[in-house]
$ cat query.cif   # mmCIF, C-alpha atoms
data_final
#
loop_
_atom_site.label_atom_id
_atom_site.label_comp_id
_atom_site.auth_asym_id
_atom_site.auth_seq_id
_atom_site.Cartn_x
_atom_site.Cartn_y
_atom_site.Cartn_z
CA MET A 1 53.41 78.45 140.29
CA LYS A 2 51.15 78.97 143.30
CA ASP A 3 48.46 81.53 143.03
CA LYS A 4 45.48 82.23 145.24
CA VAL A 5 43.73 84.55 142.82
CA MET A 6 39.99 83.98 142.69
CA ILE A 7 37.33 85.48 140.46
CA SER A 8 33.56 84.94 140.52
CA SER A 9 31.46 83.49 137.73
CA VAL A 10 29.93 86.91 136.98
CA GLU A 11 33.42 88.36 136.50
CA TRP A 12 34.21 85.31 134.38
CA GLY A 13 31.25 85.90 132.03
CA CYS A 14 32.03 89.63 131.78
CA LEU A 15 35.68 88.92 130.97
CA ILE A 16 34.60 86.59 128.16
CA ALA A 17 32.27 89.22 126.72
CA ASN A 18 34.89 91.98 126.67
CA LEU A 19 37.62 89.60 125.51
CA ILE A 20 35.72 88.93 122.30
CA LEU A 21 33.55 91.98 121.81
CA SER A 22 36.14 94.73 121.76
CA THR A 23 38.02 93.88 118.57
CA GLY A 24 35.30 91.77 117.01
CA VAL A 25 32.70 94.49 116.94
CA LEU A 26 34.85 96.72 114.76
CA PHE A 27 35.82 94.10 112.18
CA VAL A 28 32.92 91.65 112.15
CA PRO A 29 30.39 93.54 109.96
CA SER A 30 32.82 94.13 107.07
CA VAL A 31 34.18 90.60 107.17
CA THR A 32 30.74 89.01 107.36
CA ALA A 33 29.04 91.26 104.81
CA GLY A 34 31.81 90.51 102.32
CA THR A 35 30.54 86.95 102.05
CA ALA A 36 26.99 86.85 103.36
CA LYS A 37 25.88 90.22 101.85
CA GLN A 38 22.64 91.57 103.34
CA ASP A 39 22.19 88.34 105.28
CA ALA A 40 25.22 89.13 107.44
CA TRP A 41 23.04 89.01 110.53
CA LEU A 42 21.89 85.47 109.64
CA ALA A 43 25.54 84.47 109.35
CA GLY A 44 26.03 86.14 112.74
CA LEU A 45 23.28 83.99 114.23
CA LEU A 46 24.86 80.90 112.71
CA ALA A 47 28.22 81.93 114.17
CA THR A 48 26.64 82.37 117.59
CA GLY A 49 25.39 78.79 117.31
CA PHE A 50 28.86 77.57 116.35
CA GLY A 51 30.34 79.64 119.20
CA LEU A 52 28.01 77.98 121.69
CA GLY A 53 29.16 74.62 120.29
CA ILE A 54 32.81 75.56 120.91
CA THR A 55 31.84 76.64 124.44
CA LEU A 56 30.26 73.24 125.13
CA LEU A 57 33.39 71.52 123.79
CA LEU A 58 35.73 73.61 125.97
CA THR A 59 33.60 73.43 129.09
CA ALA A 60 33.46 69.63 128.72
CA LEU A 61 37.25 69.72 129.09
CA TRP A 62 37.20 72.36 131.83
CA ARG A 63 34.77 70.36 133.94
CA ARG A 64 36.97 67.30 133.66
CA LEU A 65 40.02 69.11 135.02
CA PRO A 66 38.73 72.06 137.08
CA ASP A 67 41.99 72.55 138.97
CA GLN A 68 44.32 72.62 135.99
CA ASN A 69 45.04 75.36 133.53
CA LEU A 70 45.75 74.71 129.86
CA ILE A 71 49.41 73.80 130.38
CA GLN A 72 48.73 71.34 133.19
CA ALA A 73 45.61 69.90 131.51
CA ALA A 74 47.47 69.22 128.26
CA GLU A 75 50.12 67.36 130.23
CA THR A 76 47.55 65.35 132.22
CA ILE A 77 45.54 64.39 129.15
CA LEU A 78 48.20 63.87 126.51
CA GLY A 79 51.13 62.78 128.66
CA LYS A 80 54.28 64.70 129.52
CA TRP A 81 56.06 65.45 126.24
CA PRO A 82 53.15 65.52 123.75
CA GLY A 83 51.35 67.73 126.27
CA ARG A 84 54.28 70.11 126.59
CA LEU A 85 54.58 70.30 122.81
CA VAL A 86 50.89 71.15 122.43
CA SER A 87 51.08 73.79 125.16
CA LEU A 88 54.16 75.30 123.53
CA PHE A 89 52.06 75.75 120.40
CA TYR A 90 49.34 77.42 122.51
CA LEU A 91 51.98 79.76 123.98
CA TRP A 92 53.15 80.69 120.49
CA TRP A 93 49.54 81.34 119.42
CA LEU A 94 48.96 83.53 122.49
CA LEU A 95 52.14 85.55 121.93
CA HIS A 96 51.53 86.02 118.22
CA THR A 97 47.85 86.85 118.66
CA THR A 98 48.62 89.36 121.43
CA ALA A 99 51.07 91.05 119.07
CA ALA A 100 48.51 90.98 116.26
CA ILE A 101 45.81 92.50 118.49
CA SER A 102 48.19 95.19 119.75
CA GLN A 103 48.92 96.11 116.20
CA GLU A 104 45.23 96.23 115.31
CA PHE A 105 44.80 98.45 118.37
CA GLY A 106 47.58 100.77 117.22
CA ASP A 107 46.52 100.82 113.59
CA ILE A 108 42.93 101.73 114.33
CA VAL A 109 43.84 104.52 116.70
CA LEU A 110 46.34 105.68 114.10
CA ILE A 111 44.13 105.70 110.99
CA GLY A 112 40.93 106.66 112.76
CA PHE A 113 42.02 109.26 115.27
CA LEU A 114 45.70 110.15 115.52
CA PRO A 115 47.07 110.04 111.95
CA GLU A 116 50.11 112.20 112.74
CA THR A 117 51.35 110.21 115.72
CA PRO A 118 54.18 107.72 115.24
CA PHE A 119 52.87 104.16 115.46
CA ILE A 120 55.41 103.12 118.10
CA VAL A 121 54.04 105.72 120.56
CA ILE A 122 50.47 104.37 120.38
CA ILE A 123 51.48 100.74 120.71
CA LEU A 124 53.93 101.53 123.55
CA VAL A 125 51.27 103.36 125.55
CA GLY A 126 48.79 100.51 124.99
CA ILE A 127 51.26 97.82 126.04
CA ALA A 128 52.62 99.80 129.01
CA LEU A 129 49.07 100.19 130.33
CA SER A 130 48.37 96.49 129.82
CA ALA A 131 51.69 95.52 131.40
CA TYR A 132 50.69 97.43 134.52
CA ALA A 133 47.33 95.63 134.59
CA VAL A 134 49.00 92.26 133.98
CA ARG A 135 51.50 92.78 136.80
CA SER A 136 48.59 93.58 139.08
CA GLY A 137 47.02 90.23 138.26
CA LEU A 138 43.78 88.63 137.10
CA GLU A 139 41.67 89.92 139.99
CA VAL A 140 42.49 93.52 139.13
CA ILE A 141 41.74 92.98 135.45
CA ALA A 142 38.45 91.27 136.31
CA ARG A 143 37.36 94.19 138.53
CA LEU A 144 38.55 96.74 135.99
CA ASN A 145 36.45 94.90 133.44
CA LEU A 146 33.34 95.21 135.61
CA VAL A 147 33.72 98.98 135.14
CA PHE A 148 34.74 98.88 131.47
CA LEU A 149 32.28 96.32 130.07
CA PRO A 150 29.12 98.34 130.86
CA LEU A 151 30.86 101.37 129.33
CA VAL A 152 31.76 99.42 126.19
CA ILE A 153 28.28 97.95 125.78
CA SER A 154 26.45 101.22 126.46
CA LEU A 155 28.69 103.15 124.05
CA LEU A 156 28.04 100.47 121.44
CA LEU A 157 24.27 100.50 121.94
CA LEU A 158 24.20 104.31 122.02
CA SER A 159 26.07 104.58 118.74
CA HIS A 160 23.64 102.05 117.24
CA LEU A 161 20.65 103.97 118.56
CA LEU A 162 21.81 107.32 117.17
CA VAL A 163 22.12 106.10 113.57
CA ILE A 164 18.51 104.94 113.50
CA ASN A 165 17.46 107.95 111.41
CA VAL A 166 19.83 107.09 108.56
CA MET A 167 18.99 103.39 108.53
CA ASP A 168 17.21 102.01 105.50
CA GLY A 169 15.39 98.72 105.95
CA LYS A 170 15.53 98.08 102.19
CA ASN A 171 19.27 97.45 102.53
CA LEU A 172 18.44 94.24 104.40
CA LEU A 173 16.15 92.88 101.67
CA PRO A 174 15.79 90.26 100.29
CA VAL A 175 16.19 88.23 103.45
CA GLY A 176 17.61 84.75 103.08
CA GLU A 177 18.86 85.16 99.50
CA THR A 178 22.41 84.04 100.35
CA SER A 179 23.11 80.36 99.85
CA LEU A 180 23.80 78.19 102.87
CA SER A 181 27.44 77.64 101.90
CA ASN A 182 28.02 81.41 101.72
CA LEU A 183 26.30 81.86 105.07
CA VAL A 184 28.63 79.30 106.65
CA LYS A 185 31.65 80.95 105.03
CA GLY A 186 30.47 84.31 106.34
CA ALA A 187 30.01 82.83 109.81
CA ILE A 188 33.50 81.35 110.11
CA PRO A 189 35.45 84.55 110.98
CA THR A 190 32.88 85.49 113.65
CA THR A 191 33.05 81.94 115.00
CA ALA A 192 36.81 82.26 115.32
CA TRP A 193 36.36 85.45 117.32
CA LEU A 194 33.94 83.72 119.65
CA GLY A 195 36.42 80.83 119.92
CA GLU A 196 38.92 83.19 121.57
CA LEU A 197 37.18 81.89 124.68
CA VAL A 198 39.97 79.29 124.72
CA VAL A 199 42.24 81.96 126.27
CA MET A 200 40.21 81.64 129.49
CA TRP A 201 41.51 78.08 129.90
CA MET A 202 44.63 79.55 131.49
CA PHE A 203 42.49 80.96 134.30
CA ILE A 204 40.26 77.94 135.02
CA PRO A 205 41.83 77.26 138.46
CA CYS A 206 41.06 80.88 139.42
CA LEU A 207 37.29 80.51 139.00
CA ASN A 208 35.85 80.06 142.46
CA GLN A 209 32.39 78.71 141.55
CA ASN A 210 33.61 76.05 139.22
CA HIS A 211 30.26 74.30 138.80
CA GLU A 212 28.99 77.47 137.12
CA VAL A 213 31.67 77.50 134.46
CA ARG A 214 29.36 76.22 131.73
CA THR A 215 26.50 78.63 132.48
CA ALA A 216 28.81 81.62 132.84
CA SER A 217 30.70 80.83 129.62
CA LEU A 218 27.56 80.14 127.60
CA THR A 219 25.99 83.40 128.79
CA GLY A 220 29.11 85.38 127.93
CA ILE A 221 29.27 83.88 124.44
CA LEU A 222 25.53 84.26 123.81
CA VAL A 223 25.50 87.95 124.77
CA THR A 224 28.59 88.64 122.66
CA GLY A 225 27.20 86.73 119.68
CA LEU A 226 23.90 88.60 119.82
CA LEU A 227 25.71 91.95 120.04
CA PHE A 228 27.60 90.93 116.88
CA VAL A 229 24.29 90.09 115.18
CA LEU A 230 22.88 93.48 116.18
CA THR A 231 25.98 95.28 114.88
CA ASP A 232 25.80 93.39 111.57
CA LEU A 233 22.15 94.31 111.26
CA ILE A 234 22.61 98.03 112.04
CA VAL A 235 25.74 98.59 109.97
CA VAL A 236 24.34 96.81 106.92
CA ALA A 237 21.05 98.72 107.26
CA VAL A 238 22.95 102.02 107.28
CA PHE A 239 25.25 101.41 104.33
CA GLY A 240 24.03 98.40 102.37
CA PRO A 241 26.10 95.21 102.05
CA VAL A 242 28.34 96.26 99.14
CA GLN A 243 29.59 99.40 100.82
CA VAL A 244 30.07 97.70 104.21
CA ALA A 245 32.25 95.04 102.62
CA SER A 246 34.51 97.75 101.20
CA PHE A 247 35.07 99.39 104.60
CA VAL A 248 37.79 98.33 106.99
CA ILE A 249 36.18 99.53 110.21
CA SER A 250 32.51 99.78 109.34
CA THR A 251 31.38 100.40 112.92
CA LEU A 252 33.52 103.54 112.96
CA ASN A 253 32.04 104.65 109.64
CA ALA A 254 28.55 104.08 111.01
CA ALA A 255 29.34 106.25 114.04
CA ARG A 256 30.54 108.95 111.64
CA MET A 257 27.05 109.00 110.09
CA ILE A 258 25.55 110.35 113.31
CA HIS A 259 24.19 113.86 112.77
CA ILE A 260 21.28 114.76 114.95
CA ALA A 261 19.73 118.24 115.06
CA ALA A 262 23.11 119.81 114.29
CA SER A 263 24.07 119.36 117.93
CA ILE A 264 25.05 115.69 118.25
CA GLU A 265 27.86 115.32 115.77
CA ARG A 266 31.29 113.78 115.47
CA VAL A 267 30.57 111.20 118.12
CA GLU A 268 32.97 108.65 116.64
CA ALA A 269 34.83 109.16 119.89
CA PHE A 270 32.28 106.58 121.12
CA THR A 271 33.97 104.06 118.89
CA LEU A 272 37.35 105.09 120.22
CA GLY A 273 35.91 104.55 123.71
CA ILE A 274 34.80 101.02 122.82
CA TRP A 275 38.16 100.39 121.25
CA VAL A 276 40.36 101.70 124.03
CA PHE A 277 38.39 100.42 127.04
CA GLY A 278 37.75 97.06 125.41
CA GLY A 279 41.12 96.79 123.71
CA VAL A 280 43.09 97.31 126.91
CA VAL A 281 41.15 94.55 128.67
CA LYS A 282 41.52 92.26 125.67
CA ILE A 283 45.25 92.82 125.29
CA SER A 284 45.73 92.44 129.05
CA LEU A 285 43.92 89.10 129.12
CA PHE A 286 45.84 87.64 126.18
CA TYR A 287 49.09 89.03 127.60
CA LEU A 288 48.33 87.65 131.08
CA ALA A 289 47.41 84.26 129.62
CA PHE A 290 50.73 84.21 127.80
CA VAL A 291 52.92 85.06 130.81
CA TYR A 292 50.87 82.79 133.11
CA GLY A 293 51.25 79.96 130.65
CA LEU A 294 54.94 80.57 130.07
CA ALA A 295 55.63 80.66 133.81
CA GLU A 296 53.70 77.41 134.24
CA TRP A 297 55.48 75.82 131.27
CA LEU A 298 58.88 76.73 132.73
CA LYS A 299 57.69 75.76 136.23
CA LEU A 300 58.49 79.17 137.71
CA ARG A 301 57.30 80.33 141.13
CA ASP A 302 56.01 83.69 139.88
CA TYR A 303 54.87 85.02 136.51
CA ARG A 304 55.61 88.68 137.25
CA PRO A 305 59.30 88.72 136.22
CA LEU A 306 58.20 87.74 132.70
CA VAL A 307 55.75 90.61 132.26
CA LEU A 308 58.08 93.39 131.10
CA PRO A 309 60.30 91.40 128.69
CA ALA A 310 57.18 89.70 127.28
CA GLY A 311 55.70 93.18 126.73
CA GLY A 312 58.83 94.19 124.83
CA LEU A 313 58.53 91.04 122.74
CA ILE A 314 54.87 91.84 121.97
CA VAL A 315 55.77 95.38 120.84
CA ALA A 316 58.65 94.09 118.71
CA MET A 317 56.43 91.45 117.08
CA GLY A 318 53.62 93.95 116.67
CA MET A 319 55.97 96.24 114.76
CA LEU A 320 56.72 93.53 112.19
CA ASN A 321 53.35 91.89 111.83
CA TYR A 322 51.86 93.57 108.78
CA ARG A 323 53.04 96.04 106.21
CA ASN A 324 49.71 97.84 105.84
CA ILE A 325 46.06 97.91 106.89
CA VAL A 326 44.92 95.84 103.88
CA GLU A 327 47.23 93.01 104.89
CA LEU A 328 45.99 93.34 108.49
CA PHE A 329 42.41 93.13 107.31
CA TYR A 330 43.11 90.07 105.17
CA PHE A 331 44.93 88.38 108.04
CA ALA A 332 42.27 89.20 110.65
CA GLY A 333 39.36 88.32 108.40
CA LYS A 334 40.63 85.37 106.37
CA SER A 335 43.88 83.76 107.57
CA TRP A 336 43.66 84.08 111.33
CA PRO A 337 40.15 82.54 111.65
CA VAL A 338 41.10 79.44 109.64
CA TYR A 339 44.42 79.09 111.45
CA SER A 340 42.93 79.49 114.92
CA LEU A 341 39.82 77.39 114.41
CA LEU A 342 41.76 74.47 112.94
CA THR A 343 44.40 74.47 115.65
CA VAL A 344 43.88 75.99 119.09
CA GLU A 345 40.14 76.66 119.14
CA VAL A 346 38.62 73.44 117.79
CA GLY A 347 41.25 71.05 116.44
CA LEU A 348 43.38 70.54 119.55
CA PRO A 349 40.48 70.69 122.06
CA VAL A 350 38.62 67.98 120.10
CA LEU A 351 41.77 65.86 120.11
CA MET A 352 42.21 66.40 123.85
CA LEU A 353 38.56 65.63 124.58
CA LEU A 354 38.77 62.38 122.59
CA VAL A 355 41.92 61.33 124.46
CA ALA A 356 40.32 62.31 127.78
CA LEU A 357 37.24 60.23 126.93
CA GLY A 358 39.47 57.33 125.87
CA ARG A 359 41.40 57.51 129.13
CA GLY A 360 38.22 57.76 131.15
CA ILE A 361 38.89 61.16 132.74
CA LYS A 362 35.49 62.07 134.23
CA ALA A 363 34.00 65.40 135.18
CA GLN A 364 34.87 65.99 138.81
CA PRO A 365 33.55 68.26 141.51
CA ARG A 366 35.77 70.76 143.22
CA GLY A 367 35.46 72.97 146.24
CA ASN A 368 32.20 73.30 148.17
CA GLY A 369 28.76 72.64 146.79
CA SER A 370 29.63 71.84 143.20
CA GLU A 371 27.48 69.20 141.57
CA GLY A 372 30.10 68.07 139.03
CA THR A 373 27.83 66.02 136.82
CA ASN A 374 28.05 66.27 133.08
CA MET B 375 67.70 105.72 114.12
CA LEU B 376 69.96 106.79 116.97
CA GLY B 377 66.92 108.18 118.75
CA LEU B 378 65.16 104.83 118.48
CA LEU B 379 68.28 103.03 119.66
CA ALA B 380 68.39 105.34 122.68
CA LEU B 381 64.70 104.60 123.30
CA VAL B 382 65.42 100.86 123.31
CA LEU B 383 68.32 101.36 125.73
CA ILE B 384 66.19 103.48 128.06
CA ALA B 385 63.43 100.85 127.96
CA LEU B 386 65.99 98.15 128.73
CA MET B 387 67.37 100.11 131.66
CA ILE B 388 63.93 100.80 133.12
CA MET B 389 63.06 97.12 132.76
CA LEU B 390 66.23 95.93 134.48
CA ALA B 391 65.90 98.53 137.23
CA ILE B 392 62.38 97.33 138.02
CA ASP B 393 62.97 93.58 138.00
CA LEU B 394 66.63 92.76 138.70
CA PRO B 395 66.83 93.97 142.34
CA TRP B 396 63.93 91.88 143.65
CA LEU B 397 64.78 88.81 141.55
CA ILE B 398 68.28 88.78 143.08
CA LYS B 399 67.05 89.63 146.57
CA GLU B 400 64.52 86.78 146.53
CA LYS B 401 67.12 84.43 145.01
CA MET B 402 64.78 83.48 142.14
CA TRP B 403 67.49 82.11 139.86
CA ARG B 404 65.20 80.09 137.61
CA GLU B 405 63.02 83.14 137.08
CA LEU B 406 66.13 85.23 136.44
CA ALA B 407 67.31 82.82 133.74
CA ALA B 408 63.90 82.90 132.01
CA TYR B 409 63.92 86.69 132.33
CA ILE B 410 67.32 87.02 130.67
CA VAL B 411 66.34 84.68 127.82
CA LEU B 412 63.21 86.75 127.16
CA VAL B 413 65.17 90.02 127.25
CA VAL B 414 67.69 88.61 124.77
CA LEU B 415 64.83 87.44 122.49
CA TRP B 416 63.29 90.89 122.71
CA LEU B 417 66.57 92.63 121.83
CA GLY B 418 67.09 90.13 119.02
CA LEU B 419 63.76 91.15 117.49
CA THR B 420 64.12 94.87 118.21
CA ILE B 421 67.71 95.82 117.33
CA PRO B 422 67.51 94.62 113.68
CA GLN B 423 64.26 96.57 113.23
CA VAL B 424 65.86 99.70 114.70
CA LEU B 425 68.78 99.26 112.28
CA GLY B 426 66.30 99.05 109.41
CA ILE B 427 66.61 95.34 108.63
CA THR B 428 63.30 93.78 107.55
CA LEU B 429 62.52 90.58 109.42
CA PRO B 430 60.00 88.04 108.12
CA SER B 431 56.59 88.63 109.68
CA PRO B 432 54.93 85.65 111.40
CA SER B 433 51.49 86.81 110.25
CA SER B 434 52.55 86.82 106.60
CA CYS B 435 54.01 83.32 106.95
CA ILE B 436 50.78 82.04 108.54
CA ALA B 437 48.72 83.81 105.87
CA GLU B 438 50.86 82.15 103.19
CA VAL B 439 50.52 78.65 104.70
CA PHE B 440 46.75 78.90 105.18
CA LYS B 441 46.08 80.66 101.87
CA PRO B 442 44.50 77.63 100.14
CA LEU B 443 42.07 77.29 103.06
CA SER B 444 41.45 81.03 103.34
CA ASP B 445 40.57 81.07 99.65
CA LEU B 446 37.76 78.63 100.40
CA LEU B 447 36.14 81.43 102.44
CA LYS B 448 35.56 83.47 99.28
CA PRO B 449 31.87 83.64 98.37
CA THR B 450 30.61 81.48 95.53
CA GLU B 451 27.82 82.69 93.29
#

$ encode --input "query.cif" --output "structure tokens"
Amino acid sequence: MKDKVMISSVEWGCLIANLILSTGVLFVPSVTAGTAKQDAWLAGLLATGFGLGITLLLTALWRRLPDQNLIQAAETILGKWPGRLVSLFYLWWLLHTTAAISQEFGDIVLIGFLPETPFIVIILVGIALSAYAVRSGLEVIARLNLVFLPLVISLLLLSHLLVINVMDGKNLLPVGETSLSNLVKGAIPTTAWLGELVVMWMFIPCLNQNHEVRTASLTGILVTGLLFVLTDLIVVAVFGPVQVASFVISTLNAARMIHIAASIERVEAFTLGIWVFGGVVKISLFYLAFVYGLAEWLKLRDYRPLVLPAGGLIVAMGMLNYRNIVELFYFAGKSWPVYSLLTVEVGLPVLMLLVALGRGIKAQPRGNGSEGTN
Amino acid sequence: MLGLLALVLIALMIMLAIDLPWLIKEKMWRELAAYIVLVVLWLGLTIPQVLGITLPSPSSCIAEVFKPLSDLLKPTE
């Protein structure tokens, strides 16, 4: 598959931020506070550290093979058939996770905002919009994201700012009471969200300033991680750890607490804004990574024929993913993080890095003016 | 149920109308084969659901397999 799509390192960092932020920010506080209690923000900091570690691991691989996406890199490092097997597993993970995210997208719009609408309508609209973005290509999504990311971040910060009057600092005390093991357990789901960075591997050949891949990725992950920490802090300060853990979408509940001077009320539409702007970019990126990867795996000339049937497949899988929101919450908060971290986000990259080191594949420069040292 | 079945058929027709003409015109046979396989997979997942047959959910299977590890994430006192 030949493609001359190019994105800059700024677009790259922004894509990473929106890729992770949009779903994470709604689920992270409840999941983290369930284990780390009032120290959720400490667990968030720990997760940011872990996330930066995953970034270093992935960029070590990316700098070794700057011209190859995941499918090609797996084949180069592991050899033809083991590589193809590993990339098939990645494709499955991408397809299944895209379906899972689409269903989260649909479920949250459904329970939070449009309770009377049939589920299929919401998910169809979401996927149709993403399919259009995916057919237009990575460049379009990256530019779209430059408009959406500032919107998402400012809506998030605004909804944090407006609950300041109902925050109670006592909810965060005593600081540091949670044991280290519980902090690590609380950090794992957030780490898995940050590890979604691995999706960007499909687009590595499209990054035009390849020597900046490490800086751009680290910045994207750091900003996202710190926004998670802030959200943990604010949401726990508003409700207290016990109540946060019992919520499904605590960020939405926090936005519902906003009542200022009887004029600024019912601004939970902010949360819907974060969710829809961010969610569309997130679904599009996962979806694009899947069709890109599949086209590469099948050695096709163009990925665009696969977009519509893959979209249908995502809707069909999204319809059968969970029976209810409790199951979704358990899967997103407990099963998916373990599954993803052990396989695609840490397990397989570590394996590939070890093999690459063993085979002496060195970091190499590409294009003009890249330094290419490691 | 019939309404949903009609919806699936309409979606299928829109899909084919968009992609088939240019795939054939450009003689992209490999792409066409992949396309047809994906459409068949999609119909295979959709038609049973429209007819009300419950298929196993991949998320539940993964949750089941990783349950011992997920349980380790529970807080200890």

$ interface_residues --input "query.cif" --of "chain A" --to "chain B" --cutoff "10 Å" --atoms "only C-alpha atoms" --output "NGL selection string"
:A and (34-37 or 96-97 or 99-100 or 120 or 178-179 or 181-189 or 294-295 or 298-323 or 327-328 or 330-339)

$ atom_distance --input "query.cif" --atom1 "atom CA of A:Leu288" --atom2 "atom CA of A:Ser130"
8.9 Å

$ closest_residue --input "query.cif" --among "A:Ala255, A:Ile221, A:Leu70, A:Leu226" --to "A:Leu94" --atoms "only C-alpha atoms"
A:Leu70

$ atom_distance --input "query.cif" --atom1 "atom CA of A:Thr343" --atom2 "atom CA of A:Trp62"
17.8 Å

$ atom_distance --input "query.cif" --atom1 "atom CA of A:Ile77" --atom2 "atom CA of A:Ala289"
20.0 Å

$ residues_around --input "query.cif" --residues "B:Met375" --least-positions-apart "4" --cutoff "9 Å" --atoms "only C-alpha atoms" --output "list in words"
Leu379, Ala380, Val424, Leu425 and Gly426 of chain B
